[in-house]
Amino acid sequence: MNPDWSSLGYLMDSKGLFEGMFHSLAGNATMLNIMDFLNIWGLILVGIGLIAGIFTRLAAISGMVLLAFYYLSHPAIAGVTYAIPSEGSYLWVNKNLIELMTLWVIVLFPTWKSVGIDRFLFNKK
Amino acid sequence: MNRREVLKGLATVPVLGAFAYGTWRKRRLDHIRNHKLAKELNMSSESLEYSHYKHDGDAIRLGIIGYGSRGTHLMQAAGFVPPETIKNWKDSMKYNPRDKRYEDFLQQDDLNVVVNGVCDLFDVRAEEALGAADNVGRDVPGRNMGKQARRYMNYQELLASDDIDAVIIATPDHWHARIAIDAAHAGKHIYVEKGLARKVEEVFAIRDAVRKSGVIFQLGHQGRQTDSYIKAKEAVEKNLLGKINLVEVCTNRNDPNGAWIYDINPDANTRTVDWTQFEEPCEVKHPFSPERFFRWRCWWDYGTGLSGDLLTHEYDAINQILGMGIPESVVSSGGIYFFNQPEYYVKEVREVPDVWNTVFEYPHLNFSLLYSATLANSRDRGKVIMGHDGSMELAESLMVYACQESTRYKEKIKAGLIDPNVPIYTYIPGRKNVDTVATATEQYFASRGLLYTYRGERRVDTTHLHIAEWIECIREGKQPSCNIDQAFEEGITAAMATIAYKENRKVFWDRDREQVI
């Protein structure tokens with residue numbers, strides 16, 4: 001845990017089709033601060049939501065959006081290398097994409113109806 | 001709601017609890033480790049604030065002597081850029097939003113100075129200098145121009161002018177000594193580019209003149225303003241490295257421009273260049289040569305190559321940290337190993353080496369300083385200070401590693417508190433928490449300049465800070481960080497390295513009699 005964390009390095013390391021967009025986000029101090037804020041709180045809330053099963057559907061969809069950004073900024077395309085090495089040699093499909101699909105499964109199968117705090121919120125008969 | 005219902009609803013809450021416990025434990029362990037390390041190392045925990053030099057009071061009136069590429073940068077650092085350049089920056093910014101040159105320049109502090117005189121031996125450059133001097137509005141052509149600065153055809157006339165308080169000297173090195181000495185005699189404060197001079201006698205003469213006149217003198221080693229060097233000095237003083245025995249510094253570049261093969265301006269001819277004046281200090285005169293005029297750093301007549309140009313930066317960085325002064329002995333060797341190929345010159349092959357190695361010995365301090373340079377390979381070899389207990393790697397950021405066999409850290413390494421492969425101290429400029437150990441990712445991004453570039457404290461041109469410090473010292477009668485004493489040490493040391501190469505011998509310094517032998 002690092003209170004000085006910033007998405008700057010990650011954004012600057014972006015490659016592929018959307019590289020320019022992510023670089024310009026990193027180049028703008030205001031946008032960078034907004035990105036950092038959204039990412040930090042997004043991750044915390046999505047995490048709590050998914051683990052405890054509170055607003056699971058919203059958490060899963062938000063998680064998919066975050067993961068989509070990660071995937072687009074660091075796509076697993078042939079011929080690019082990133083500063084943070086991955087443990088495998090991915091092509092097209094990487095962990096971000098798999099996690100994104102997994103969240104989709106959660107959206108499609110409403111497990112929150114049986115286990116999780118959502119049970120109290122949405123199961124009122 | 002029955003019990004089964006409640007259990008199903010709260011089934012996953014214990015996972016959150018386990019998660020929270022794990023987080024708390026990790027934070028605690030990190031805290032203990034950082035705290036113990038910080039206590040052991042005893043480094044001050046405040047990060048360095050961007051130093052604002054004061055610039056109130058009357059405007060300081062400047063003269064610029066020599067408006068080549070370095071002179072241009074120095075003028076920009078003082079706040080003066082030709083309107084055409086501003087226009088180029090603005091145009092470029094439209095196509096490339098990441099081009100921050102214009103923005104950075106506008107953010108630069110106003111030093112409350114004016115430029116009243118310019119002097120350059122090439123008409124084109126002199127005109128550009130006038131444009132920069134008059135561009136007080138920091139704007140594009142035709143807008144907001146100030147009063148007319150005066151062009152002087154030689155530096156003596158500029159020095160004789162009574163509307164100039166201080167001069168920036170950015171001429172080729174063979175002119176440094178004469179101009180600096182005359183400026184001191186004329187009572188003008190001096191900012192002179194490195195290397196201070198080419199010869200030992202010149203270095204002594206400059207020191208005498210500056211001391212006698214009492215003018216405020218700054219040598220152009222802007223590295224003096226680098227945050228990490230200031231922290232490095234503290235780390236050495238707190239004995240993080242143990243007994244220092246070897247220091248290694250390097251220069252690696254790999255392009256013709258970096259090897260001083262600059263563009264030759266097509267407008268340069270015998271009418272636009274005062275060649276006679278350019279060669280006035282030379283013992284042997286040469287016919288007009290645009291190649292020599294623009295690429296002067298490649299000939300001994302005007303410069304000293306790697307020795308005075310780039311060794312001096314590295315030497316001064318280490319001298320700032322260790323304060324070791326002039327070495328007891330120097331040997332140098334090298335050669336022209338790459339830029340002797342025909343595509344890299346017009347008429348004359350360069351005289352100064354493109355690969356150069358110098359060893360400085362400090363037996364009274366028990367260490368050697370090694371300088372190694374090539375202009376035909378750009379591998380980053382960094383600066384490393386090596387001691388019995390640890391090594392310090394210096395760049396924008398600073399990292400200290402403990403040595404496996406260290407005496408001081410022996411117990412802590414054994415106890416697993418210190419890992420010799422992980423830095424025990426990291427200083428990354430702009431990072432708020434100096435006390436905590438930086439993560440591997442953070443270090444990686446920092447070493448590539450990708451961290452904190454646009455956030456927190458602004459990133460400032462060190463040359464601007466160096467000029468700003470000099471101006472503040474003029475106003476307050478203080479001594480700047482690279483004053484005549486540091487300049488003297490740099491000048492003598494570089495001259496010794498040059499002699500060692502040219503005469504192919506070991507050169508000694510007699511400390512008591514202040515003599516090069």
# chains A, B, ... in the order shown; residues from 1 in each chain; ligands from 1
call {"tool": "residues_around", "arguments": {"residues": "stretch 221-233 of chain B", "least_positions_apart": "4", "cutoff": "6 Å", "atoms": "only C-alpha atoms", "output": "PDB file with N, CA, C and O atoms, in the first residue's frame"}}
result
ATOM      1  N   ILE B 321      29.169  16.367  -3.744  1.00  0.00           N
ATOM      2  CA  ILE B 321      28.739  15.394  -2.743  1.00  0.00           C
ATOM      3  C   ILE B 321      29.863  15.079  -1.754  1.00  0.00           C
ATOM      4  O   ILE B 321      29.655  15.053  -0.548  1.00  0.00           O
ATOM      5  N   SER B 397      16.975  10.054  -9.582  1.00  0.00           N
ATOM      6  CA  SER B 397      16.676   9.528  -8.262  1.00  0.00           C
ATOM      7  C   SER B 397      17.964   8.957  -7.670  1.00  0.00           C
ATOM      8  O   SER B 397      18.989   8.922  -8.328  1.00  0.00           O
ATOM      9  N   LEU B 398      17.870   8.525  -6.434  1.00  0.00           N
ATOM     10  CA  LEU B 398      19.064   8.063  -5.743  1.00  0.00           C
ATOM     11  C   LEU B 398      18.736   6.771  -5.002  1.00  0.00           C
ATOM     12  O   LEU B 398      17.667   6.658  -4.408  1.00  0.00           O
ATOM     13  N   THR B 462      17.092  22.792 -14.334  1.00  0.00           N
ATOM     14  CA  THR B 462      18.138  23.087 -13.351  1.00  0.00           C
ATOM     15  C   THR B 462      18.965  24.308 -13.769  1.00  0.00           C
ATOM     16  O   THR B 462      19.464  25.043 -12.916  1.00  0.00           O
ATOM     17  N   THR B 463      19.101  24.522 -15.086  1.00  0.00           N
ATOM     18  CA  THR B 463      19.847  25.696 -15.545  1.00  0.00           C
ATOM     19  C   THR B 463      19.146  26.980 -15.089  1.00  0.00           C
ATOM     20  O   THR B 463      19.795  27.945 -14.682  1.00  0.00           O
ATOM     21  N   HIS B 466      19.979  27.491 -11.541  1.00  0.00           N
ATOM     22  CA  HIS B 466      21.375  27.885 -11.354  1.00  0.00           C
ATOM     23  C   HIS B 466      21.565  29.382 -11.626  1.00  0.00           C
ATOM     24  O   HIS B 466      22.274  30.075 -10.903  1.00  0.00           O
TER      25      HIS B 466
END
call {"tool": "interface_residues", "arguments": {"of": "chain A", "to": "chain B", "cutoff": "7 Å", "atoms": "only C-alpha atoms", "output": "list in words"}}
result
Asp4, Leu8, Gly9, Gly27, Ala29, Ile51, Ala52, Ser114, Val115, Gly116, Ile117, Arg119 and Phe120 of chain A
call {"tool": "write_last_selection", "arguments": {"atoms": "N, CA and C atoms", "output": "tab-separated table (two decimals), in the first residue's frame"}}
result
chain	number	residue	atom	x	y	z
A	4	ASP	N	1.43	7.32	-2.04
A	4	ASP	CA	1.88	8.17	-3.14
A	4	ASP	C	1.59	7.57	-4.50
A	8	LEU	N	0.25	7.42	-13.20
A	8	LEU	CA	1.06	8.05	-14.24
A	8	LEU	C	1.93	7.06	-15.00
A	9	GLY	N	2.75	6.28	-14.26
A	9	GLY	CA	3.66	5.35	-14.91
A	9	GLY	C	2.91	4.35	-15.76
A	27	GLY	N	-0.74	13.14	-19.27
A	27	GLY	CA	-0.08	14.42	-19.44
A	27	GLY	C	-0.85	15.57	-18.81
A	29	ALA	N	-2.55	17.12	-15.61
A	29	ALA	CA	-2.51	16.93	-14.15
A	29	ALA	C	-3.90	16.73	-13.56
A	51	ILE	N	-17.15	-9.03	-2.83
A	51	ILE	CA	-16.90	-9.98	-1.73
A	51	ILE	C	-18.13	-10.12	-0.84
A	52	ALA	N	-18.68	-8.96	-0.41
A	52	ALA	CA	-19.80	-9.03	0.53
A	52	ALA	C	-21.14	-9.22	-0.17
A	114	SER	N	-28.98	-15.63	-3.77
A	114	SER	CA	-28.90	-16.67	-2.75
A	114	SER	C	-27.92	-16.34	-1.64
A	115	VAL	N	-26.68	-15.86	-1.99
A	115	VAL	CA	-25.70	-15.58	-0.95
A	115	VAL	C	-25.25	-14.13	-1.06
A	116	GLY	N	-25.15	-13.43	0.10
A	116	GLY	CA	-24.67	-12.05	0.09
A	116	GLY	C	-25.71	-11.10	0.64
A	117	ILE	N	-25.23	-9.90	0.97
A	117	ILE	CA	-26.11	-8.93	1.63
A	117	ILE	C	-27.27	-8.49	0.72
A	119	ARG	N	-29.20	-10.19	-0.69
A	119	ARG	CA	-30.33	-11.06	-0.34
A	119	ARG	C	-31.36	-10.30	0.50
A	120	PHE	N	-30.81	-9.48	1.44
A	120	PHE	CA	-31.72	-8.70	2.29
A	120	PHE	C	-32.38	-7.56	1.50
call {"tool": "select_by_dssp", "arguments": {"residues": "stretch 245-399 of chain B", "states": "strand (DSSP E or B)", "output": "count of residues only"}}
result
44
call {"tool": "residues_around", "arguments": {"residues": "B:Arg505", "least_positions_apart": "2", "cutoff": "9 Å", "atoms": "only C-alpha atoms", "output": "PyMOL selection string"}}
result
chain B and resi 330-332+499-503+507
call {"tool": "residues_around", "arguments": {"residues": "A:Asp13", "least_positions_apart": "4", "cutoff": "10 Å", "atoms": "only C-alpha atoms", "output": "JSON, numbers by chain"}}
result
{"A": [7, 8, 9, 19, 22, 23, 26, 73, 74, 81, 82, 83, 84], "B": [445, 450]}
call {"tool": "write_last_selection", "arguments": {"atoms": "C-alpha atoms", "output": "PDB file, in the first residue's frame"}}
result
ATOM      1  CA  SER A   7      -1.437   5.854 -12.374  1.00  0.00           C
ATOM      2  CA  LEU A   8       1.064   8.053 -14.238  1.00  0.00           C
ATOM      3  CA  GLY A   9       3.660   5.348 -14.908  1.00  0.00           C
ATOM      4  CA  GLU A  19      -1.976   4.698 -26.526  1.00  0.00           C
ATOM      5  CA  PHE A  22      -4.002   7.227 -22.263  1.00  0.00           C
ATOM      6  CA  HIS A  23      -0.817   9.261 -22.711  1.00  0.00           C
ATOM      7  CA  ALA A  26      -1.312  11.110 -18.045  1.00  0.00           C
ATOM      8  CA  SER A  73      -4.441   0.534 -22.317  1.00  0.00           C
ATOM      9  CA  HIS A  74      -2.289  -2.609 -22.198  1.00  0.00           C
ATOM     10  CA  THR A  81       6.386  -5.316 -24.153  1.00  0.00           C
ATOM     11  CA  TYR A  82       5.352  -3.532 -21.000  1.00  0.00           C
ATOM     12  CA  ALA A  83       7.258  -2.150 -18.047  1.00  0.00           C
ATOM     13  CA  ILE A  84       5.506  -4.491 -15.630  1.00  0.00           C
TER      14      ILE A  84
ATOM     15  CA  PHE B 445       9.179   4.102 -13.410  1.00  0.00           C
ATOM     16  CA  LEU B 450       8.031   8.477 -15.653  1.00  0.00           C
TER      17      LEU B 450
END
call {"tool": "residues_around", "arguments": {"residues": "B:Gly142", "least_positions_apart": "3", "cutoff": "10 Å", "atoms": "only C-alpha atoms", "output": "number ranges by chain"}}
result
B: 83-84, 135, 139, 145
call {"tool": "select_by_dssp", "arguments": {"residues": "stretch 54-124 of chain A", "states": "alpha helix (DSSP H)", "output": "PDB file with N, CA, C and O atoms, in the first residue's frame"}}
result
ATOM      1  N   THR A  56     -24.185  -6.203  -6.041  1.00  0.00           N
ATOM      2  CA  THR A  56     -23.273  -7.054  -6.799  1.00  0.00           C
ATOM      3  C   THR A  56     -23.305  -6.749  -8.294  1.00  0.00           C
ATOM      4  O   THR A  56     -22.268  -6.681  -8.944  1.00  0.00           O
ATOM      5  N   ARG A  57     -24.495  -6.550  -8.805  1.00  0.00           N
ATOM      6  CA  ARG A  57     -24.617  -6.325 -10.248  1.00  0.00           C
ATOM      7  C   ARG A  57     -23.871  -5.055 -10.661  1.00  0.00           C
ATOM      8  O   ARG A  57     -23.081  -5.061 -11.610  1.00  0.00           O
ATOM      9  N   LEU A  58     -24.106  -3.983  -9.899  1.00  0.00           N
ATOM     10  CA  LEU A  58     -23.437  -2.709 -10.183  1.00  0.00           C
ATOM     11  C   LEU A  58     -21.915  -2.868 -10.053  1.00  0.00           C
ATOM     12  O   LEU A  58     -21.141  -2.398 -10.898  1.00  0.00           O
ATOM     13  N   ALA A  59     -21.487  -3.576  -8.984  1.00  0.00           N
ATOM     14  CA  ALA A  59     -20.051  -3.782  -8.754  1.00  0.00           C
ATOM     15  C   ALA A  59     -19.441  -4.558  -9.907  1.00  0.00           C
ATOM     16  O   ALA A  59     -18.359  -4.218 -10.404  1.00  0.00           O
ATOM     17  N   ALA A  60     -20.137  -5.581 -10.370  1.00  0.00           N
ATOM     18  CA  ALA A  60     -19.604  -6.408 -11.453  1.00  0.00           C
ATOM     19  C   ALA A  60     -19.487  -5.602 -12.739  1.00  0.00           C
ATOM     20  O   ALA A  60     -18.475  -5.659 -13.441  1.00  0.00           O
ATOM     21  N   ILE A  61     -20.512  -4.811 -13.019  1.00  0.00           N
ATOM     22  CA  ILE A  61     -20.464  -4.012 -14.257  1.00  0.00           C
ATOM     23  C   ILE A  61     -19.367  -2.949 -14.161  1.00  0.00           C
ATOM     24  O   ILE A  61     -18.594  -2.756 -15.092  1.00  0.00           O
ATOM     25  N   SER A  62     -19.255  -2.285 -12.994  1.00  0.00           N
ATOM     26  CA  SER A  62     -18.185  -1.286 -12.822  1.00  0.00           C
ATOM     27  C   SER A  62     -16.828  -1.950 -12.979  1.00  0.00           C
ATOM     28  O   SER A  62     -15.907  -1.397 -13.591  1.00  0.00           O
ATOM     29  N   GLY A  63     -16.688  -3.127 -12.398  1.00  0.00           N
ATOM     30  CA  GLY A  63     -15.431  -3.874 -12.516  1.00  0.00           C
ATOM     31  C   GLY A  63     -15.118  -4.168 -13.969  1.00  0.00           C
ATOM     32  O   GLY A  63     -13.975  -4.044 -14.411  1.00  0.00           O
ATOM     33  N   MET A  64     -16.147  -4.509 -14.736  1.00  0.00           N
ATOM     34  CA  MET A  64     -15.929  -4.781 -16.158  1.00  0.00           C
ATOM     35  C   MET A  64     -15.432  -3.539 -16.883  1.00  0.00           C
ATOM     36  O   MET A  64     -14.555  -3.613 -17.743  1.00  0.00           O
ATOM     37  N   VAL A  65     -15.999  -2.381 -16.513  1.00  0.00           N
ATOM     38  CA  VAL A  65     -15.571  -1.131 -17.151  1.00  0.00           C
ATOM     39  C   VAL A  65     -14.095  -0.852 -16.831  1.00  0.00           C
ATOM     40  O   VAL A  65     -13.285  -0.567 -17.720  1.00  0.00           O
ATOM     41  N   LEU A  66     -13.734  -1.000 -15.540  1.00  0.00           N
ATOM     42  CA  LEU A  66     -12.330  -0.781 -15.149  1.00  0.00           C
ATOM     43  C   LEU A  66     -11.409  -1.730 -15.918  1.00  0.00           C
ATOM     44  O   LEU A  66     -10.404  -1.317 -16.497  1.00  0.00           O
ATOM     45  N   LEU A  67     -11.796  -3.011 -15.933  1.00  0.00           N
ATOM     46  CA  LEU A  67     -10.963  -4.008 -16.611  1.00  0.00           C
ATOM     47  C   LEU A  67     -10.863  -3.719 -18.111  1.00  0.00           C
ATOM     48  O   LEU A  67      -9.816  -3.922 -18.720  1.00  0.00           O
ATOM     49  N   ALA A  68     -11.950  -3.217 -18.683  1.00  0.00           N
ATOM     50  CA  ALA A  68     -11.913  -2.885 -20.109  1.00  0.00           C
ATOM     51  C   ALA A  68     -10.875  -1.793 -20.356  1.00  0.00           C
ATOM     52  O   ALA A  68     -10.105  -1.847 -21.316  1.00  0.00           O
ATOM     53  N   PHE A  69     -10.817  -0.801 -19.440  1.00  0.00           N
ATOM     54  CA  PHE A  69      -9.800   0.248 -19.583  1.00  0.00           C
ATOM     55  C   PHE A  69      -8.389  -0.329 -19.462  1.00  0.00           C
ATOM     56  O   PHE A  69      -7.500   0.009 -20.231  1.00  0.00           O
ATOM     57  N   TYR A  70      -8.205  -1.216 -18.464  1.00  0.00           N
ATOM     58  CA  TYR A  70      -6.878  -1.826 -18.309  1.00  0.00           C
ATOM     59  C   TYR A  70      -6.511  -2.591 -19.580  1.00  0.00           C
ATOM     60  O   TYR A  70      -5.390  -2.520 -20.063  1.00  0.00           O
ATOM     61  N   TYR A  71      -7.503  -3.328 -20.094  1.00  0.00           N
ATOM     62  CA  TYR A  71      -7.214  -4.135 -21.276  1.00  0.00           C
ATOM     63  C   TYR A  71      -6.862  -3.239 -22.460  1.00  0.00           C
ATOM     64  O   TYR A  71      -5.892  -3.473 -23.165  1.00  0.00           O
ATOM     65  N   LEU A  72      -7.637  -2.176 -22.668  1.00  0.00           N
ATOM     66  CA  LEU A  72      -7.398  -1.307 -23.816  1.00  0.00           C
ATOM     67  C   LEU A  72      -6.080  -0.546 -23.694  1.00  0.00           C
ATOM     68  O   LEU A  72      -5.432  -0.258 -24.689  1.00  0.00           O
ATOM     69  N   SER A  73      -5.698  -0.213 -22.465  1.00  0.00           N
ATOM     70  CA  SER A  73      -4.441   0.534 -22.317  1.00  0.00           C
ATOM     71  C   SER A  73      -3.235  -0.395 -22.462  1.00  0.00           C
ATOM     72  O   SER A  73      -2.187   0.011 -22.920  1.00  0.00           O
ATOM     73  N   LYS A  95      -5.081 -11.773 -18.572  1.00  0.00           N
ATOM     74  CA  LYS A  95      -5.843 -11.900 -17.332  1.00  0.00           C
ATOM     75  C   LYS A  95      -6.966 -10.871 -17.229  1.00  0.00           C
ATOM     76  O   LYS A  95      -8.053 -11.172 -16.742  1.00  0.00           O
ATOM     77  N   ASN A  96      -6.692  -9.655 -17.705  1.00  0.00           N
ATOM     78  CA  ASN A  96      -7.723  -8.625 -17.629  1.00  0.00           C
ATOM     79  C   ASN A  96      -8.977  -9.052 -18.390  1.00  0.00           C
ATOM     80  O   ASN A  96     -10.099  -8.858 -17.927  1.00  0.00           O
ATOM     81  N   LEU A  97      -8.740  -9.646 -19.562  1.00  0.00           N
ATOM     82  CA  LEU A  97      -9.873 -10.050 -20.394  1.00  0.00           C
ATOM     83  C   LEU A  97     -10.637 -11.198 -19.723  1.00  0.00           C
ATOM     84  O   LEU A  97     -11.878 -11.212 -19.713  1.00  0.00           O
ATOM     85  N   ILE A  98      -9.894 -12.144 -19.145  1.00  0.00           N
ATOM     86  CA  ILE A  98     -10.546 -13.289 -18.490  1.00  0.00           C
ATOM     87  C   ILE A  98     -11.354 -12.830 -17.278  1.00  0.00           C
ATOM     88  O   ILE A  98     -12.504 -13.231 -17.081  1.00  0.00           O
ATOM     89  N   GLU A  99     -10.747 -11.927 -16.494  1.00  0.00           N
ATOM     90  CA  GLU A  99     -11.473 -11.394 -15.331  1.00  0.00           C
ATOM     91  C   GLU A  99     -12.728 -10.656 -15.773  1.00  0.00           C
ATOM     92  O   GLU A  99     -13.782 -10.735 -15.136  1.00  0.00           O
ATOM     93  N   LEU A 100     -12.612  -9.948 -16.880  1.00  0.00           N
ATOM     94  CA  LEU A 100     -13.761  -9.210 -17.414  1.00  0.00           C
ATOM     95  C   LEU A 100     -14.893 -10.184 -17.753  1.00  0.00           C
ATOM     96  O   LEU A 100     -16.059  -9.965 -17.408  1.00  0.00           O
ATOM     97  N   MET A 101     -14.529 -11.286 -18.407  1.00  0.00           N
ATOM     98  CA  MET A 101     -15.529 -12.294 -18.786  1.00  0.00           C
ATOM     99  C   MET A 101     -16.138 -12.950 -17.539  1.00  0.00           C
ATOM    100  O   MET A 101     -17.335 -13.231 -17.496  1.00  0.00           O
ATOM    101  N   THR A 102     -15.278 -13.171 -16.552  1.00  0.00           N
ATOM    102  CA  THR A 102     -15.765 -13.786 -15.313  1.00  0.00           C
ATOM    103  C   THR A 102     -16.829 -12.898 -14.662  1.00  0.00           C
ATOM    104  O   THR A 102     -17.856 -13.384 -14.182  1.00  0.00           O
ATOM    105  N   LEU A 103     -16.553 -11.588 -14.675  1.00  0.00           N
ATOM    106  CA  LEU A 103     -17.540 -10.670 -14.097  1.00  0.00           C
ATOM    107  C   LEU A 103     -18.852 -10.712 -14.878  1.00  0.00           C
ATOM    108  O   LEU A 103     -19.935 -10.562 -14.327  1.00  0.00           O
ATOM    109  N   TRP A 104     -18.718 -10.950 -16.172  1.00  0.00           N
ATOM    110  CA  TRP A 104     -19.918 -11.038 -17.007  1.00  0.00           C
ATOM    111  C   TRP A 104     -20.762 -12.245 -16.574  1.00  0.00           C
ATOM    112  O   TRP A 104     -21.981 -12.178 -16.512  1.00  0.00           O
ATOM    113  N   VAL A 105     -20.059 -13.326 -16.265  1.00  0.00           N
ATOM    114  CA  VAL A 105     -20.751 -14.521 -15.769  1.00  0.00           C
ATOM    115  C   VAL A 105     -21.538 -14.169 -14.501  1.00  0.00           C
ATOM    116  O   VAL A 105     -22.702 -14.538 -14.338  1.00  0.00           O
ATOM    117  N   ILE A 106     -20.895 -13.394 -13.622  1.00  0.00           N
ATOM    118  CA  ILE A 106     -21.577 -13.001 -12.372  1.00  0.00           C
ATOM    119  C   ILE A 106     -22.812 -12.154 -12.669  1.00  0.00           C
ATOM    120  O   ILE A 106     -23.865 -12.309 -12.054  1.00  0.00           O
ATOM    121  N   VAL A 107     -22.676 -11.267 -13.673  1.00  0.00           N
ATOM    122  CA  VAL A 107     -23.831 -10.439 -14.044  1.00  0.00           C
ATOM    123  C   VAL A 107     -24.973 -11.330 -14.543  1.00  0.00           C
ATOM    124  O   VAL A 107     -26.141 -11.115 -14.203  1.00  0.00           O
ATOM    125  N   LEU A 108     -24.614 -12.347 -15.338  1.00  0.00           N
ATOM    126  CA  LEU A 108     -25.633 -13.206 -15.950  1.00  0.00           C
ATOM    127  C   LEU A 108     -26.278 -14.168 -14.950  1.00  0.00           C
ATOM    128  O   LEU A 108     -27.446 -14.507 -15.066  1.00  0.00           O
ATOM    129  N   ASP A 118     -27.024  -8.544  -0.588  1.00  0.00           N
ATOM    130  CA  ASP A 118     -28.094  -8.208  -1.527  1.00  0.00           C
ATOM    131  C   ASP A 118     -29.369  -9.016  -1.264  1.00  0.00           C
ATOM    132  O   ASP A 118     -30.470  -8.583  -1.601  1.00  0.00           O
ATOM    133  N   ARG A 119     -29.203 -10.195  -0.694  1.00  0.00           N
ATOM    134  CA  ARG A 119     -30.327 -11.062  -0.337  1.00  0.00           C
ATOM    135  C   ARG A 119     -31.365 -10.299   0.499  1.00  0.00           C
ATOM    136  O   ARG A 119     -32.563 -10.440   0.290  1.00  0.00           O
ATOM    137  N   PHE A 120     -30.808  -9.479   1.444  1.00  0.00           N
ATOM    138  CA  PHE A 120     -31.721  -8.696   2.288  1.00  0.00           C
ATOM    139  C   PHE A 120     -32.379  -7.561   1.497  1.00  0.00           C
ATOM    140  O   PHE A 120     -33.488  -7.144   1.759  1.00  0.00           O
ATOM    141  N   LEU A 121     -31.593  -7.022   0.519  1.00  0.00           N
ATOM    142  CA  LEU A 121     -32.054  -5.825  -0.168  1.00  0.00           C
ATOM    143  C   LEU A 121     -33.048  -6.125  -1.285  1.00  0.00           C
ATOM    144  O   LEU A 121     -33.972  -5.372  -1.520  1.00  0.00           O
ATOM    145  N   PHE A 122     -32.796  -7.222  -1.985  1.00  0.00           N
ATOM    146  CA  PHE A 122     -33.602  -7.441  -3.187  1.00  0.00           C
ATOM    147  C   PHE A 122     -34.545  -8.646  -3.101  1.00  0.00           C
ATOM    148  O   PHE A 122     -35.286  -8.913  -4.000  1.00  0.00           O
TER     149      PHE A 122
END
call {"tool": "residues_around", "arguments": {"residues": "B:His286", "least_positions_apart": "5", "cutoff": "10 Å", "atoms": "only C-alpha atoms", "output": "count of residues only"}}
result
5
call {"tool": "residues_around", "arguments": {"residues": "B:Lys87", "least_positions_apart": "3", "cutoff": "10 Å", "atoms": "only C-alpha atoms", "output": "list in words"}}
result
Pro82, Pro83, Glu84, Lys90, Asp91, Ser92, Met93, Tyr102, Asp139, Val140 and Pro141 of chain B
call {"tool": "write_last_selection", "arguments": {"atoms": "N, CA and C atoms", "output": "mmCIF file, in the first residue's frame"}}
result
data_model
loop_
_atom_site.group_PDB
_atom_site.id
_atom_site.type_symbol
_atom_site.label_atom_id
_atom_site.label_comp_id
_atom_site.auth_asym_id
_atom_site.auth_seq_id
_atom_site.Cartn_x
_atom_site.Cartn_y
_atom_site.Cartn_z
ATOM 1 N N PRO B 82 13.761 34.135 -28.233
ATOM 2 C CA PRO B 82 13.375 34.880 -29.437
ATOM 3 C C PRO B 82 11.914 34.621 -29.785
ATOM 4 N N PRO B 83 11.202 35.661 -30.289
ATOM 5 C CA PRO B 83 9.780 35.490 -30.616
ATOM 6 C C PRO B 83 9.538 34.354 -31.617
ATOM 7 N N GLU B 84 10.483 34.147 -32.538
ATOM 8 C CA GLU B 84 10.315 33.082 -33.543
ATOM 9 C C GLU B 84 10.270 31.716 -32.858
ATOM 10 N N LYS B 90 4.628 27.224 -29.978
ATOM 11 C CA LYS B 90 3.163 27.265 -29.969
ATOM 12 C C LYS B 90 2.593 26.424 -31.108
ATOM 13 N N ASP B 91 3.238 26.524 -32.300
ATOM 14 C CA ASP B 91 2.776 25.734 -33.444
ATOM 15 C C ASP B 91 2.911 24.244 -33.162
ATOM 16 N N SER B 92 4.049 23.891 -32.601
ATOM 17 C CA SER B 92 4.311 22.474 -32.336
ATOM 18 C C SER B 92 3.331 21.917 -31.304
ATOM 19 N N MET B 93 2.938 22.781 -30.362
ATOM 20 C CA MET B 93 2.027 22.364 -29.297
ATOM 21 C C MET B 93 0.657 21.988 -29.862
ATOM 22 N N TYR B 102 6.580 25.348 -24.256
ATOM 23 C CA TYR B 102 6.015 26.686 -24.077
ATOM 24 C C TYR B 102 5.425 26.849 -22.677
ATOM 25 N N ASP B 139 6.404 36.521 -25.958
ATOM 26 C CA ASP B 139 5.331 36.343 -26.932
ATOM 27 C C ASP B 139 5.887 36.094 -28.336
ATOM 28 N N VAL B 140 4.961 35.915 -29.295
ATOM 29 C CA VAL B 140 5.323 35.639 -30.691
ATOM 30 C C VAL B 140 5.728 36.933 -31.398
ATOM 31 N N PRO B 141 6.287 36.850 -32.638
ATOM 32 C CA PRO B 141 6.775 38.061 -33.317
ATOM 33 C C PRO B 141 5.713 39.152 -33.424
#
call {"tool": "closest_residue", "arguments": {"among": "B:Phe508, B:Tyr67, B:Ala268, B:Val249", "to": "B:Gly382", "atoms": "only C-alpha atoms"}}
result
B:Val249
call {"tool": "closest_residue", "arguments": {"among": "B:Gly387, B:Val460, B:Thr493, B:Arg25", "to": "B:Glu103", "atoms": "only C-alpha atoms"}}
result
B:Val460
call {"tool": "atom_distance", "arguments": {"atom1": "atom CA of B:Phe367", "atom2": "atom CA of B:Lys243"}}
result
8.9 Å
call {"tool": "closest_residue", "arguments": {"among": "B:Ala183, B:Ile60, B:Ala205, B:Leu240", "to": "B:Asp163", "atoms": "only C-alpha atoms"}}
result
B:Ile60
call {"tool": "atom_distance", "arguments": {"atom1": "atom CA of B:Ser69", "atom2": "atom CA of B:Leu465"}}
result
18.4 Å
call {"tool": "atom_distance", "arguments": {"atom1": "atom CA of B:Ile244", "atom2": "atom CA of B:Asp419"}}
result
20.5 Å
